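Remarks on the structure that follows.
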Amino acid sequence: MLLKELIDTGVRSLSVLYPDREAREMVFISLEYLIGTRRHTHIIDPCHEVAQEDVVRVRNAFDRLASGEPLQYVVGKAFFYGREFSVTPSVLIPRPETELLCRMALDTMKTAPCRPVRLLDLCTGSGCIAWTMALECPGADVVAVDVSEAALEIASTQDFSNEISISGARPPVFIHGDVLDVESLMTSLPAQGFDMILSNPPYVMDSEKALMRRNVLEHEPHLALFVPDEDPLKFYKAVASISRGLLSQTGFGLVEINEALGFETAEVFTAEGFSEVSVLKDLSDKDRYVYFRR
């Protein structure tokens, strides 16, 4: 089958769900990952043939995309902070809001003494926060926690060996643990404290499911997304309690939050005794983060 015919087939299939331009972009990305062609290959080589076994694989990918499955899961990759991360339906697809959390954390570090730091990432998922902080801060010791063993398998096998060999960064240490079981988790974490605690925990209320896009609702892990309406801040209560016990005297924390619960989330950390607590905005001017310090 000619490559240009395969492209047309994919665009027609995906245009049922997506605008034509977006559908075409998804087709090009799928083809690049699956069979190594570029978006200009069919132009400079109009007679480019695609082997039958590759046609079958690509059409299967188009079918998955046409069903609403996110592109990142179909190709198994997602970009975050300029790096390519492996993703599966066991982990959330990294979002730009979480990239900004990392940027804020790194900017805050610049005002601290220049030294190796100890970082804790709670509810790590794909490991995008943990790996980003480890690679951006060579010399830092990063510990990351998640309750999902499937997520930890993905996080711990992210491959940044080339960058590590150049920078000397230390890979994060991944720990299986339940953030909500504070007492048990505290016994499995280093007791000497952390200079930074970061978290992007589940924060979407069950009542907000109706507002979510179908491809997120049907394909991304609910364990990493949703909290009950009757206790939407339960993860932040746990993070605040863990931080009270493990955050160093000069350390700080930063968590991603539900935009509808900015004040309420900040109050959780104030109630735990943190004297400096503030709600920060994302790039859309929505309440998206809570910063806290002793």
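Ligands are numbered from 1 in the order shown, residues from 1 within each chain, and chains are lettered A, B, ... in the order they appear in the structure tokens.
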Item checked: Test item: residues at most 8 Å from Ala78 of chain A, only C-alpha atoms, excluding those fewer than 2 positions along its chain, as a list of chain:residue names -> A:Gln72, A:Gly76, A:Phe80, A:Glu84, A:Phe85, A:Ser86, A:Val87, A:Ile93, A:Pro94
Margin query: I'd like the contact shell of Lys234 of chain A - 8 Å cut-off, only C-alpha atoms, skipping same-chain residues fewer than 4 positions apart - returned as a PyMOL selection string.
Written below: chain A and resi 180+227+238
Next item on the list: Select from segment 109-252 of chain A everything DSSP, run on the backbone, classes as strand (DSSP E), then give the selection as a ChimeraX atom specification.
Entry: /A:118-122,141-146,173-176,194-199,204-205,226-227,247-252
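Shortest atom-to-atom contact with Met196 of chain A among A:Val179, A:Ala266, A:Cys102, A:Val216: A:Cys102, counting only C-alpha atoms.
Shortest separation to Leu185 of chain A among A:Thr157, A:Ser167, A:Ser90, A:Ser241 occurs at residue A:Ser241, atoms counted being only C-alpha atoms.
When only C-alpha atoms are used to measure the gap to Ala51 of chain A, the shortest distance among A:Leu6, A:Val11, A:Val182, A:Leu152 belongs to A:Leu6.
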